[in-house]
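Asker: This is data.cif (mmCIF, C-alpha atoms).
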```cif
data_final
#
loop_
_atom_site.label_atom_id
_atom_site.label_comp_id
_atom_site.auth_asym_id
_atom_site.auth_seq_id
_atom_site.Cartn_x
_atom_site.Cartn_y
_atom_site.Cartn_z
CA MET C 1361 98.67 96.14 82.22
CA THR C 1362 96.14 93.37 81.93
CA ALA C 1363 96.96 92.13 85.41
CA ARG C 1364 95.46 95.20 87.00
CA GLN C 1365 91.77 95.82 86.61
CA PRO C 1366 91.45 99.56 86.55
CA GLY C 1367 88.00 101.02 86.87
CA VAL C 1368 86.59 103.34 84.26
CA ALA C 1369 87.75 106.88 84.95
CA LEU C 1370 84.66 108.62 83.65
CA VAL C 1371 84.55 112.37 83.24
CA THR C 1372 81.41 114.22 84.08
CA ALA C 1373 82.53 117.86 84.04
CA GLN C 1374 80.73 119.59 81.18
CA VAL C 1375 81.36 122.87 79.45
CA GLY C 1376 78.29 125.09 79.39
CA THR C 1377 76.32 125.28 76.16
CA ALA C 1378 76.70 129.05 75.91
CA SER C 1379 80.46 128.95 76.07
CA ALA C 1380 80.57 126.08 73.58
CA MET C 1381 78.41 128.14 71.19
CA TRP C 1382 80.74 131.09 71.67
CA THR C 1383 83.70 128.86 70.80
CA VAL C 1384 81.97 127.82 67.57
CA VAL C 1385 81.15 131.43 66.61
CA ARG C 1386 84.68 132.59 67.34
CA ARG C 1387 86.31 129.82 65.36
CA ASP C 1388 84.04 130.40 62.37
CA LEU C 1389 84.61 134.15 62.39
CA LYS C 1390 88.36 133.70 62.59
CA SER C 1391 88.30 131.18 59.80
CA SER C 1392 86.18 133.47 57.59
CA PHE C 1393 88.35 136.50 58.11
CA ARG C 1394 91.37 134.54 56.93
CA GLN C 1395 89.57 133.71 53.69
CA ARG C 1396 88.48 137.16 52.68
CA GLN C 1397 87.54 136.41 49.10
CA ASP C 1398 84.76 134.17 50.41
CA LEU C 1399 83.55 137.13 52.46
CA LEU C 1400 83.70 139.60 49.59
CA ASN C 1401 82.05 137.36 47.04
CA PRO C 1402 78.41 137.78 48.16
CA LEU C 1403 78.92 141.47 48.84
CA LEU C 1404 80.39 142.07 45.42
CA PHE C 1405 77.57 140.10 43.85
CA PHE C 1406 75.01 142.17 45.75
CA PHE C 1407 76.68 145.40 44.68
CA MET C 1408 76.96 144.40 41.02
CA VAL C 1409 73.41 143.14 40.60
CA VAL C 1410 72.04 146.36 42.08
CA THR C 1411 74.27 148.59 39.95
CA LEU C 1412 73.41 146.71 36.77
CA PHE C 1413 69.67 147.32 37.08
CA PRO C 1414 69.74 151.06 36.30
CA LEU C 1415 72.11 150.35 33.42
CA GLY C 1416 70.18 147.42 32.04
CA VAL C 1417 66.56 148.40 32.61
CA SER C 1418 66.10 152.10 33.08
CA PRO C 1419 67.95 154.89 34.90
CA GLU C 1420 64.75 156.90 35.36
CA VAL C 1421 64.18 158.14 38.89
CA SER C 1422 60.50 157.14 38.93
CA PHE C 1423 61.28 153.55 37.92
CA LEU C 1424 64.14 153.20 40.41
CA GLN C 1425 62.10 154.66 43.25
CA ARG C 1426 59.27 152.25 42.55
CA SER C 1427 61.35 149.10 42.14
CA GLY C 1428 64.44 149.93 44.17
CA SER C 1429 63.41 148.05 47.29
CA GLY C 1430 62.51 144.97 45.26
CA ILE C 1431 65.84 145.05 43.46
CA LEU C 1432 67.74 145.34 46.73
CA TRP C 1433 65.76 142.55 48.35
CA VAL C 1434 66.14 140.13 45.43
CA ALA C 1435 69.85 140.87 45.21
CA ALA C 1436 70.29 140.33 48.96
CA LEU C 1437 68.38 137.06 48.74
CA LEU C 1438 70.48 135.75 45.87
CA ALA C 1439 73.71 136.88 47.56
CA THR C 1440 72.72 134.92 50.66
CA LEU C 1441 71.90 131.91 48.53
CA LEU C 1442 75.31 132.17 46.90
CA SER C 1443 77.07 131.97 50.24
CA LEU C 1444 75.04 129.10 51.68
CA ASP C 1445 77.04 126.30 50.15
CA HIS C 1446 80.03 127.30 52.29
CA LEU C 1447 78.04 127.13 55.52
CA PHE C 1448 78.86 123.49 56.25
CA ARG C 1449 80.94 122.46 53.23
CA HIS C 1450 84.41 123.36 54.52
CA ASP C 1451 83.66 121.86 57.92
CA PHE C 1452 82.40 118.71 56.25
CA ASP C 1453 85.56 118.42 54.17
CA ASP C 1454 88.06 118.86 56.98
CA GLY C 1455 86.18 116.78 59.57
CA THR C 1456 85.26 119.67 61.86
CA LEU C 1457 81.61 118.84 61.35
CA GLU C 1458 82.05 115.31 62.69
CA GLN C 1459 83.71 116.78 65.75
CA MET C 1460 80.83 119.20 66.18
CA VAL C 1461 78.24 116.43 66.04
CA LEU C 1462 80.26 114.59 68.67
CA GLN C 1463 80.29 117.52 71.05
CA PRO C 1464 78.32 116.79 74.20
CA GLN C 1465 76.23 119.96 73.85
CA PRO C 1466 72.87 119.87 72.03
CA LEU C 1467 73.61 119.93 68.32
CA PHE C 1468 70.80 122.29 67.37
CA LEU C 1469 72.29 125.03 69.51
CA LEU C 1470 75.70 124.55 67.92
CA VAL C 1471 74.02 124.75 64.52
CA LEU C 1472 72.36 127.96 65.65
CA ALA C 1473 75.79 129.31 66.62
CA LYS C 1474 77.21 128.39 63.22
CA THR C 1475 74.29 130.05 61.48
CA LEU C 1476 74.78 133.17 63.57
CA ALA C 1477 78.44 133.29 62.52
CA HIS C 1478 77.36 132.86 58.90
CA TRP C 1479 74.87 135.71 59.20
CA LEU C 1480 77.48 137.96 60.83
CA VAL C 1481 79.79 137.60 57.85
CA THR C 1482 77.19 137.60 55.04
CA GLY C 1483 73.88 139.10 56.16
CA LEU C 1484 75.21 141.93 58.27
CA PRO C 1485 77.56 143.37 55.61
CA LEU C 1486 74.65 143.35 53.14
CA ILE C 1487 72.58 145.44 55.55
CA LEU C 1488 75.44 147.88 56.02
CA LEU C 1489 75.87 148.25 52.28
CA ALA C 1490 72.14 148.56 51.55
CA PRO C 1491 71.72 152.27 52.51
CA VAL C 1492 74.47 153.30 50.08
CA LEU C 1493 72.86 151.36 47.26
CA GLY C 1494 69.47 152.71 48.35
CA ILE C 1495 70.67 156.26 47.82
CA MET C 1496 72.02 155.24 44.44
CA LEU C 1497 68.54 153.98 43.50
CA HIS C 1498 66.97 157.30 44.63
CA LEU C 1499 65.06 155.71 47.50
CA GLU C 1500 63.77 158.18 50.06
CA GLY C 1501 65.30 158.37 53.50
CA ASN C 1502 62.27 156.84 55.19
CA SER C 1503 62.15 153.96 52.72
CA ILE C 1504 65.86 153.27 53.22
CA ALA C 1505 65.41 153.10 56.99
CA VAL C 1506 62.49 150.68 56.66
CA LEU C 1507 64.37 148.66 54.04
CA CYS C 1508 67.33 148.22 56.39
CA LEU C 1509 64.97 147.21 59.17
CA THR C 1510 63.31 144.56 56.99
CA LEU C 1511 66.73 143.28 55.93
CA LEU C 1512 67.79 143.18 59.56
CA ILE C 1513 64.82 140.98 60.39
CA GLY C 1514 64.75 139.12 57.09
CA THR C 1515 68.35 138.10 56.40
CA PRO C 1516 68.67 135.99 59.58
CA VAL C 1517 65.57 134.11 58.40
CA LEU C 1518 67.28 133.53 55.06
CA SER C 1519 70.39 132.19 56.79
CA LEU C 1520 68.38 129.94 59.10
CA ILE C 1521 66.22 128.43 56.38
CA GLY C 1522 69.30 128.15 54.20
CA ALA C 1523 71.05 126.15 56.91
CA ILE C 1524 68.43 123.40 56.54
CA GLY C 1525 69.02 123.20 52.80
CA ALA C 1526 72.80 123.35 53.15
CA ALA C 1527 72.74 120.54 55.71
CA LEU C 1528 70.46 118.39 53.57
CA THR C 1529 72.52 118.73 50.39
CA LEU C 1530 75.87 118.33 52.12
CA GLY C 1531 76.78 114.86 50.93
CA LEU C 1532 75.60 115.37 47.36
CA ARG C 1533 77.78 116.14 44.39
CA ALA C 1534 75.36 118.46 42.62
CA GLY C 1535 74.29 119.94 45.93
CA GLY C 1536 74.30 123.56 44.77
CA VAL C 1537 71.47 123.20 42.26
CA LEU C 1538 69.31 121.17 44.58
CA LEU C 1539 69.96 123.65 47.37
CA SER C 1540 68.51 126.50 45.32
CA LEU C 1541 65.49 124.44 44.29
CA LEU C 1542 64.80 123.46 47.88
CA ILE C 1543 65.31 126.82 49.44
CA ILE C 1544 63.88 129.40 47.01
CA PRO C 1545 60.23 128.45 47.61
CA LEU C 1546 60.77 128.93 51.34
CA TYR C 1547 62.37 132.31 50.71
CA ILE C 1548 59.40 133.67 48.80
CA PRO C 1549 57.23 134.66 51.80
CA VAL C 1550 60.15 136.54 53.34
CA LEU C 1551 60.75 138.34 50.06
CA ILE C 1552 57.09 139.28 49.63
CA PHE C 1553 56.78 140.68 53.11
CA GLY C 1554 60.16 142.37 52.94
CA THR C 1555 59.38 144.31 49.80
CA GLY C 1556 55.74 144.78 50.85
CA THR C 1557 56.87 146.54 54.01
CA VAL C 1558 59.04 148.99 52.10
CA ALA C 1559 56.26 149.62 49.56
CA ALA C 1560 53.86 150.37 52.40
CA ALA C 1561 56.37 152.76 53.94
CA ALA C 1562 56.74 154.54 50.61
CA ASP C 1563 52.94 154.91 50.42
CA GLY C 1564 52.94 156.39 53.90
CA THR C 1565 50.85 153.62 55.47
CA PRO C 1566 51.87 152.20 58.88
CA VAL C 1567 54.35 149.35 58.68
CA GLY C 1568 54.05 148.02 62.23
CA GLY C 1569 51.89 145.07 61.21
CA TYR C 1570 54.24 144.04 58.41
CA LEU C 1571 57.26 144.22 60.67
CA ALA C 1572 55.49 142.20 63.35
CA LEU C 1573 54.76 139.48 60.79
CA MET C 1574 58.38 139.44 59.68
CA ALA C 1575 59.50 139.22 63.29
CA ALA C 1576 57.15 136.26 63.66
CA PHE C 1577 58.95 134.61 60.71
CA LEU C 1578 62.22 135.20 62.49
CA VAL C 1579 61.02 133.72 65.77
CA LEU C 1580 59.63 130.72 63.95
CA ALA C 1581 62.87 130.22 62.04
CA ILE C 1582 65.04 130.53 65.16
CA THR C 1583 62.97 128.00 67.05
CA LEU C 1584 62.46 125.42 64.30
CA ALA C 1585 65.22 125.70 61.70
CA PRO C 1586 68.15 124.65 63.96
CA PHE C 1587 66.32 121.42 64.85
CA ALA C 1588 65.71 120.59 61.21
CA ALA C 1589 69.25 121.51 60.21
CA ALA C 1590 70.74 119.44 63.04
CA ALA C 1591 68.68 116.41 62.02
CA ALA C 1592 69.69 116.92 58.38
CA LEU C 1593 73.36 117.13 59.37
CA ARG C 1594 73.15 113.81 61.18
CA ILE C 1595 71.59 112.19 58.12
CA SER C 1596 74.19 113.66 55.78
CA LEU C 1597 77.06 112.52 57.99
CA SER C 1598 75.55 109.09 58.44
CA ASN C 1599 75.46 108.66 54.68
CA SER C 1600 78.96 109.90 54.03
CA MET Q 49 87.37 91.20 83.73
CA SER Q 50 86.21 94.61 84.73
CA SER Q 51 82.90 95.67 83.31
CA PRO Q 52 83.02 96.67 79.65
CA MET Q 53 82.89 100.32 78.72
CA LEU Q 54 81.41 99.81 75.32
CA GLN Q 55 79.67 96.67 74.17
CA ALA Q 56 78.49 95.65 70.75
CA VAL Q 57 75.86 92.97 70.44
CA ASP Q 58 75.08 91.27 67.15
CA LEU Q 59 76.23 94.19 65.04
CA GLN Q 60 75.41 94.02 61.36
CA CYS Q 61 76.08 96.60 58.72
CA GLU Q 62 75.17 96.64 55.09
CA ARG Q 63 76.56 99.16 52.68
CA ASP Q 64 75.71 99.48 49.00
CA ASP Q 65 73.90 96.11 49.08
CA ARG Q 66 76.97 94.42 50.48
CA ILE Q 67 77.16 93.05 53.99
CA LEU Q 68 80.27 94.46 55.63
CA PHE Q 69 79.94 92.42 58.78
CA ARG Q 70 77.25 90.51 60.60
CA GLY Q 71 76.89 88.94 64.02
CA LEU Q 72 79.72 91.02 65.41
CA ASP Q 73 79.99 90.82 69.22
CA PHE Q 74 82.73 92.43 71.23
CA SER Q 75 83.39 94.41 74.38
CA ILE Q 76 85.75 97.29 74.87
CA VAL Q 77 87.14 96.90 78.37
CA PRO Q 78 88.94 99.65 80.30
CA GLY Q 79 92.68 99.22 80.22
CA THR Q 80 92.92 97.74 76.76
CA VAL Q 81 93.91 98.76 73.29
CA THR Q 82 91.80 97.14 70.60
CA ARG Q 83 92.91 96.97 67.03
CA VAL Q 84 90.35 96.68 64.25
CA GLU Q 85 91.93 94.89 61.34
CA GLY Q 86 90.91 93.74 57.92
CA PRO Q 87 91.64 94.48 54.28
CA ASN Q 88 90.66 97.69 52.52
CA GLY Q 89 86.92 97.98 52.23
CA ALA Q 90 86.25 95.56 55.05
CA GLY Q 91 84.40 98.25 56.97
CA LYS Q 92 86.93 99.34 59.59
CA THR Q 93 86.12 103.01 59.28
CA THR Q 94 82.41 102.24 59.11
CA LEU Q 95 82.64 100.22 62.30
CA LEU Q 96 84.43 103.05 64.06
CA ARG Q 97 81.85 105.58 62.89
CA ILE Q 98 79.09 103.29 64.12
CA LEU Q 99 80.77 103.06 67.52
CA ALA Q 100 81.03 106.84 67.66
CA GLY Q 101 77.36 107.19 66.76
CA LEU Q 102 78.09 108.98 63.49
CA ASN Q 103 76.64 106.24 61.34
CA ASP Q 104 73.28 104.71 62.14
CA HIS Q 105 72.93 102.33 59.22
CA PHE Q 106 73.33 99.24 61.32
CA SER Q 107 71.32 96.74 63.25
CA GLY Q 108 72.19 95.34 66.64
CA GLU Q 109 72.83 96.97 69.97
CA LEU Q 110 75.50 99.31 71.19
CA LEU Q 111 75.74 99.55 74.96
CA TRP Q 112 77.64 102.20 76.88
CA LEU Q 113 78.28 101.00 80.43
CA GLY Q 114 75.53 98.46 79.95
CA GLU Q 115 72.86 100.81 78.68
CA ARG Q 116 71.86 102.00 75.23
CA TRP Q 117 73.95 105.08 74.62
CA GLN Q 118 71.14 107.03 72.96
CA SER Q 119 69.55 107.36 76.38
CA GLN Q 120 72.70 108.96 77.77
CA ARG Q 121 74.04 110.80 74.76
CA GLU Q 122 75.63 113.66 76.65
CA ALA Q 123 77.57 111.45 79.08
CA PHE Q 124 78.65 109.15 76.27
CA LEU Q 125 79.87 111.91 73.98
CA ARG Q 126 81.68 113.64 76.81
CA ASN Q 127 83.67 110.48 77.46
CA LEU Q 128 84.41 109.77 73.82
CA LEU Q 129 87.26 111.09 71.75
CA TYR Q 130 86.91 110.25 68.06
CA LEU Q 131 89.63 111.09 65.58
CA GLY Q 132 88.46 110.41 62.07
CA HIS Q 133 90.15 110.11 58.77
CA ARG Q 134 89.70 113.83 58.45
CA PRO Q 135 90.75 114.94 61.89
CA GLY Q 136 88.87 118.23 62.19
CA ILE Q 137 91.83 120.54 61.70
CA LYS Q 138 90.89 123.81 60.00
CA PRO Q 139 93.59 124.71 57.47
CA LEU Q 140 93.21 128.44 58.01
CA LEU Q 141 93.65 128.34 61.77
CA THR Q 142 96.90 127.86 63.63
CA PRO Q 143 97.60 124.67 65.60
CA LEU Q 144 96.94 126.48 68.84
CA GLU Q 145 93.58 127.87 67.65
CA ASN Q 146 92.57 124.49 66.28
CA LEU Q 147 93.41 122.76 69.50
CA ARG Q 148 91.57 125.38 71.50
CA ALA Q 149 88.42 125.11 69.38
CA LEU Q 150 88.44 121.33 69.70
CA THR Q 151 89.05 121.12 73.43
CA ALA Q 152 87.33 124.23 74.78
CA VAL Q 153 83.92 122.72 74.10
CA ARG Q 154 84.75 119.77 76.32
CA ARG Q 155 86.69 121.27 79.18
CA PRO Q 156 88.68 124.42 79.85
CA VAL Q 157 92.34 123.91 78.98
CA SER Q 158 94.98 126.55 79.58
CA ASP Q 159 97.09 127.85 76.71
CA GLN Q 160 100.11 126.61 78.58
CA ALA Q 161 98.81 123.04 78.60
CA MET Q 162 97.97 123.22 74.90
CA LYS Q 163 101.44 124.52 74.05
CA GLN Q 164 102.93 121.69 76.05
CA ALA Q 165 100.78 119.21 74.13
CA LEU Q 166 101.99 120.70 70.84
CA ASP Q 167 105.59 120.52 72.11
CA GLY Q 168 104.95 116.92 73.02
CA THR Q 169 104.10 116.13 69.40
CA GLY Q 170 107.14 117.97 68.11
CA LEU Q 171 105.43 121.15 66.97
CA GLN Q 172 107.40 123.67 69.02
CA GLY Q 173 107.68 126.92 67.12
CA TYR Q 174 104.66 126.17 64.93
CA TYR Q 175 102.05 127.57 67.31
CA ASP Q 176 101.15 130.48 65.06
CA VAL Q 177 101.60 129.00 61.60
CA PRO Q 178 98.33 128.37 59.76
CA CYS Q 179 97.83 124.64 59.48
CA ARG Q 180 97.62 124.70 55.69
CA ASN Q 181 101.31 125.62 55.68
CA LEU Q 182 102.18 122.52 57.64
CA SER Q 183 103.00 119.14 56.13
CA ALA Q 184 100.53 116.27 56.22
CA GLY Q 185 102.44 114.62 59.04
CA GLN Q 186 102.53 117.83 61.03
CA GLN Q 187 98.78 118.34 60.56
CA ARG Q 188 98.26 114.82 61.82
CA ARG Q 189 100.39 115.71 64.83
CA VAL Q 190 98.17 118.71 65.58
CA ALA Q 191 95.20 116.34 65.74
CA LEU Q 192 97.15 113.90 67.89
CA ALA Q 193 98.14 116.66 70.30
CA ARG Q 194 94.56 116.41 71.46
CA LEU Q 195 95.30 112.98 72.85
CA LEU Q 196 98.01 114.39 75.09
CA ILE Q 197 95.57 116.64 76.91
CA ALA Q 198 92.52 114.40 76.62
CA ASP Q 199 90.63 113.35 79.72
CA GLU Q 200 88.19 111.19 77.78
CA PRO Q 201 88.53 107.50 78.68
CA LEU Q 202 87.36 106.08 75.35
CA TRP Q 203 89.39 106.81 72.23
CA LEU Q 204 88.29 105.82 68.76
CA LEU Q 205 91.15 106.46 66.35
CA ASP Q 206 90.81 105.93 62.62
CA GLU Q 207 94.21 105.36 61.01
CA PRO Q 208 96.07 107.56 63.51
CA PHE Q 209 99.47 106.41 62.22
CA THR Q 210 98.93 107.82 58.73
CA ALA Q 211 101.68 110.20 57.62
CA LEU Q 212 103.62 109.89 60.87
CA ASP Q 213 107.37 109.30 60.84
CA ARG Q 214 108.98 106.48 62.80
CA HIS Q 215 109.55 108.65 65.82
CA GLY Q 216 105.90 109.75 65.83
CA VAL Q 217 104.71 106.18 65.51
CA ALA Q 218 106.72 105.12 68.55
CA GLY Q 219 105.41 108.09 70.51
CA LEU Q 220 101.81 107.27 69.63
CA GLU Q 221 102.26 103.60 70.56
CA GLN Q 222 103.62 104.66 73.93
CA LEU Q 223 100.71 107.06 74.34
CA LEU Q 224 98.21 104.27 73.68
CA LEU Q 225 99.92 102.07 76.25
CA ASP Q 226 99.93 104.85 78.82
CA HIS Q 227 96.27 105.53 78.15
CA ALA Q 228 95.40 101.88 78.68
CA ALA Q 229 97.54 101.71 81.82
CA SER Q 230 95.64 104.60 83.32
CA GLY Q 231 92.32 102.87 82.82
CA GLY Q 232 91.31 104.18 79.44
CA ALA Q 233 90.38 102.20 76.36
CA ALA Q 234 91.36 102.78 72.76
CA VAL Q 235 90.02 101.32 69.54
CA VAL Q 236 92.41 101.80 66.64
CA THR Q 237 92.19 100.97 62.96
CA THR Q 238 95.50 100.81 61.22
CA HIS Q 239 97.49 99.22 58.43
CA HIS Q 240 100.64 99.86 60.36
CA GLU Q 241 102.07 96.80 62.10
CA LEU Q 242 100.74 97.47 65.54
CA ASP Q 243 101.46 94.88 68.19
CA LEU Q 244 101.16 96.12 71.72
CA PRO Q 245 101.29 93.85 74.76
CA GLY Q 246 97.79 92.83 75.78
CA MET Q 247 96.20 94.15 72.61
CA ALA Q 248 92.77 92.86 71.65
CA ARG Q 249 91.79 92.42 68.02
CA ILE Q 250 88.59 92.70 66.05
CA THR Q 251 89.02 91.12 62.65
CA LEU Q 252 86.62 92.06 59.90
CA GLY Q 253 86.04 89.74 57.00
CA ALA Q 254 87.74 90.00 53.66
CA SER Q 255 85.78 91.72 50.94
CA PRO Q 256 84.58 89.32 48.22
CA ALA Q 257 87.11 88.77 45.49
CA GLY Q 258 86.84 90.98 42.45
CA GLU Q 259 85.02 93.74 44.28
CA ALA Q 260 86.62 97.13 44.26
CA PRO Q 261 87.50 98.38 47.70
CA SER Q 262 85.40 101.34 48.67
#
```
What is this structure when it is put down as structure tokens?
Answerer:
Amino acid sequence: MTARQPGVALVTAQVGTASAMWTVVRRDLKSSFRQRQDLLNPLLFFFMVVTLFPLGVSPEVSFLQRSGSGILWVAALLATLLSLDHLFRHDFDDGTLEQMVLQPQPLFLLVLAKTLAHWLVTGLPLILLAPVLGIMLHLEGNSIAVLCLTLLIGTPVLSLIGAIGAALTLGLRAGGVLLSLLIIPLYIPVLIFGTGTVAAAADGTPVGGYLALMAAFLVLAITLAPFAAAAALRISLSNS
Amino acid sequence: MSSPMLQAVDLQCERDDRILFRGLDFSIVPGTVTRVEGPNGAGKTTLLRILAGLNDHFSGELLWLGERWQSQREAFLRNLLYLGHRPGIKPLLTPLENLRALTAVRRPVSDQAMKQALDGTGLQGYYDVPCRNLSAGQQRRVALARLLIADEPLWLLDEPFTALDRHGVAGLEQLLLDHAASGGAAVVTTHHELDLPGMARITLGASPAGEAPS
């Protein structure tokens, strides 16, 4: 074996980034659907917080109509926060994350794919549940439509920003607390504009400007957050 | 000697205010199996993670085909297969799905080839059983099935013999030899008595007496 001097048989054939991202999304979705309690947990939390408000504060129609959108938005935000710790944790524990960092494709795009999978199993169900809870809180049809639209634009932003925090706190023991402290301040603008849009819709003023601003948040988050999260992942893995 | 695939120049690593190794120079040449040895806590895993680019708390140079690998990250990673302590097997997925997720991002592999690889590690009939229902040794075999269909020339294997039975150990040794014979290189850390013909060794220093192994 040592007598021969074989040359290095290098491989150059690459798999396209898009198909690698698709592989990541598919694996994550499959994995999530086999652990359904993890899927239901944020949804159940969302549902319970919203149902407890009329019971705990006031069941009056005027109060619920006024604050319904805020309640729904805060509950959706906290439900997302609740699910963030799982974003990279399982992968970190079983070594999948190391393998992902060692994939030849750009890491930030793989992180984007992972975040997309996370949003599909947490953010999207929240949006689908929101109209039902909106009716329960006596929101008007127009407000419910606008609310769902703001959630549709806003929850991906929450997932993307959350990915940075989840990646940063990965190697820490008390990561959960720190994650909330890091992330909540960054969530506040999204929350303000989300509820502001619905309030404007309820007042009958045009909401185009609000929605455009929220879309700008989303574009900013899609372009910047994966880079930050990818860098944070490298740091966390390097320290583990 | 043919030109080295991976070269380490004056590698030094410090962890928790303790120097794990310093002034480490070695080359990984195609066609060889290299064993990293040393007592617990000597930094074997750390060294392997540094070589894979997962850990950047080190000083010194790492050269891939004579150039710094950071400048050719994609080519380097495509040619590297790293199997860590935690081998990247998702407990909720089946062996076949795990293998597909791990290989499909590197090159397209047919289901048939993956099934053959699983057969080759003795997992026939376990294609569709979630990995968490498999034993530790069987999970290790799922990870090792990757080696059977790997086209990457450089393998970095961290304790690959863990939890394997005698038959599996012999199979893996043969696999390492075959890989070297076909022009690949493997770096292996292990506590198992590994003595292959033509094997190179990197010996890391003993940890200072009285210090708990990390």
Asker: What's the 12 Å shell around Ala184 of chain Q, counting only C-alpha atoms, without same-chain residues fewer than 4 positions away, as a list in words?
Answerer: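 Everything that qualifies: Arg134, Pro135, Ile137, Pro139, Cys179, Arg180, Arg188, Arg189, Val190, Ala191, Phe209, Thr210, Ala211, Leu212 and Asp213 of chain Q.
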Asker: Enumerate, in order of chain and increasing residue number, the residues of chain C with an atom no farther than 10 Å from chain Q, each with its shortest atom pair and distance in Å to one decimal, counting all atoms listed in the file, as a Markdown table.
Answerer:
```
| residue | atom | partner | partner_atom | distance |
| --- | --- | --- | --- | --- |
| C:Met1361 | CA | Q:Ala229 | CA | 5.7 |
| C:Thr1362 | CA | Q:Gly246 | CA | 6.4 |
| C:Ala1363 | CA | Q:Gly246 | CA | 9.7 |
| C:Arg1364 | CA | Q:Gly79 | CA | 8.4 |
| C:Gln1365 | CA | Q:Ser50 | CA | 6.0 |
| C:Pro1366 | CA | Q:Gly231 | CA | 5.1 |
| C:Gly1367 | CA | Q:Gly231 | CA | 6.2 |
| C:Val1368 | CA | Q:Pro78 | CA | 5.9 |
| C:Ala1369 | CA | Q:Pro201 | CA | 6.3 |
| C:Leu1370 | CA | Q:Pro201 | CA | 6.4 |
| C:Val1371 | CA | Q:Asn127 | CA | 6.1 |
| C:Thr1372 | CA | Q:Ala123 | CA | 6.9 |
| C:Ala1373 | CA | Q:Arg155 | CA | 7.2 |
| C:Gln1374 | CA | Q:Arg154 | CA | 6.3 |
| C:Val1375 | CA | Q:Arg154 | CA | 5.6 |
| C:Gly1376 | CA | Q:Val153 | CA | 8.1 |
| C:Thr1377 | CA | Q:Val153 | CA | 8.3 |
| C:Ala1378 | CA | Q:Val153 | CA | 9.8 |
| C:Ser1379 | CA | Q:Val153 | CA | 7.4 |
| C:Ala1380 | CA | Q:Val153 | CA | 4.8 |
| C:Met1381 | CA | Q:Val153 | CA | 8.3 |
| C:Trp1382 | CA | Q:Val153 | CA | 9.3 |
| C:Thr1383 | CA | Q:Ala149 | CA | 6.2 |
| C:Val1384 | CA | Q:Ala149 | CA | 7.2 |
| C:Arg1386 | CA | Q:Ala149 | CA | 8.6 |
| C:Arg1387 | CA | Q:Ala149 | CA | 6.5 |
| C:Asp1388 | CA | Q:Lys138 | CA | 9.8 |
| C:Lys1390 | CA | Q:Leu141 | CA | 7.6 |
| C:Ser1391 | CA | Q:Leu140 | CA | 5.9 |
| C:Ser1392 | CA | Q:Leu140 | CA | 8.7 |
| C:Phe1393 | CA | Q:Leu140 | CA | 9.4 |
| C:Arg1394 | CA | Q:Leu140 | CA | 6.5 |
| C:Gln1395 | CA | Q:Leu140 | CA | 7.7 |
| C:His1450 | CA | Q:Lys138 | CA | 8.5 |
| C:Asp1451 | CA | Q:Gly136 | CA | 7.7 |
| C:Phe1452 | CA | Q:Gly136 | CA | 8.8 |
| C:Asp1453 | CA | Q:Arg134 | CA | 7.5 |
| C:Asp1454 | CA | Q:Gly136 | CA | 5.3 |
| C:Gly1455 | CA | Q:Gly136 | CA | 4.0 |
| C:Thr1456 | CA | Q:Gly136 | CA | 3.9 |
| C:Leu1457 | CA | Q:Gly136 | CA | 7.3 |
| C:Glu1458 | CA | Q:Gly136 | CA | 7.4 |
| C:Gln1459 | CA | Q:Gly136 | CA | 6.4 |
| C:Met1460 | CA | Q:Leu150 | CA | 8.7 |
| C:Val1461 | CA | Q:Leu102 | CA | 7.9 |
| C:Leu1462 | CA | Q:Leu125 | CA | 6.0 |
| C:Gln1463 | CA | Q:Leu125 | CA | 6.3 |
| C:Pro1464 | CA | Q:Glu122 | CA | 4.8 |
| C:Gln1465 | CA | Q:Glu122 | CA | 6.9 |
| C:Pro1466 | CA | Q:Glu122 | CA | 8.2 |
| C:Arg1594 | CA | Q:Leu102 | CA | 7.3 |
| C:Ile1595 | CA | Q:Asn103 | CA | 8.4 |
| C:Ser1596 | CA | Q:Asn103 | CA | 9.6 |
| C:Leu1597 | CA | Q:Leu102 | CA | 6.6 |
| C:Ser1598 | CA | Q:Asn103 | CA | 4.2 |
| C:Asn1599 | CA | Q:Asn103 | CA | 7.2 |
| C:Ser1600 | CA | Q:Asn103 | CA | 8.5 |
```
Asker: Which one is closest to Val1567 of chain C: C:Val1506, C:Ala1490, C:Ile1548, C:Gly1531? Count only C-alpha atoms.
Answerer: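 Counting only C-alpha atoms, the residue closest to Val1567 of chain C is C:Val1506.
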Asker: What gap, in Å, lies between atom CA of Ala1523 of chain C and atom CA of Ala1589 of chain C?
Answerer: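 Separation of atom CA of Ala1523 of chain C and atom CA of Ala1589 of chain C: 6.0 Å.
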Asker: Have a look at atom CA of Lys92 of chain Q and atom CA of Gly108 of chain Q and let me know their distance in Å, one decimal.
Answerer: 16.8 Å
Asker: With distances taken over only C-alpha atoms, which of C:Arg1396, C:Arg1449, C:His1478, C:His1498 is nearest to Thr1529 of chain C?
Answerer: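 Under the stated criterion, the closest residue is C:Arg1449.
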Asker: Calculate how many Å separate atom CA of Val1385 of chain C from atom CA of Val1550 of chain C, rounding to one decimal.
Answerer: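 Atom-to-atom, atom CA of Val1385 of chain C to atom CA of Val1550 of chain C, that is 25.4 Å.
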Asker: Which of these, C:Leu1573, C:Val1417, C:Ala1534, C:Leu1447, has the shortest distance to Ile1552 of chain C once you count all atoms listed in the file?
Answerer: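 Closest to Ile1552 of chain C, using all atoms listed in the file: C:Leu1573.
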Asker: For the PyMOL selection byres ((chain Q and resi 110) around 8), applied here, can you spell out every residue it catches as an NGL selection string?
Answerer: :Q and (54-57 or 99 or 108-109 or 111-112 or 116-117)
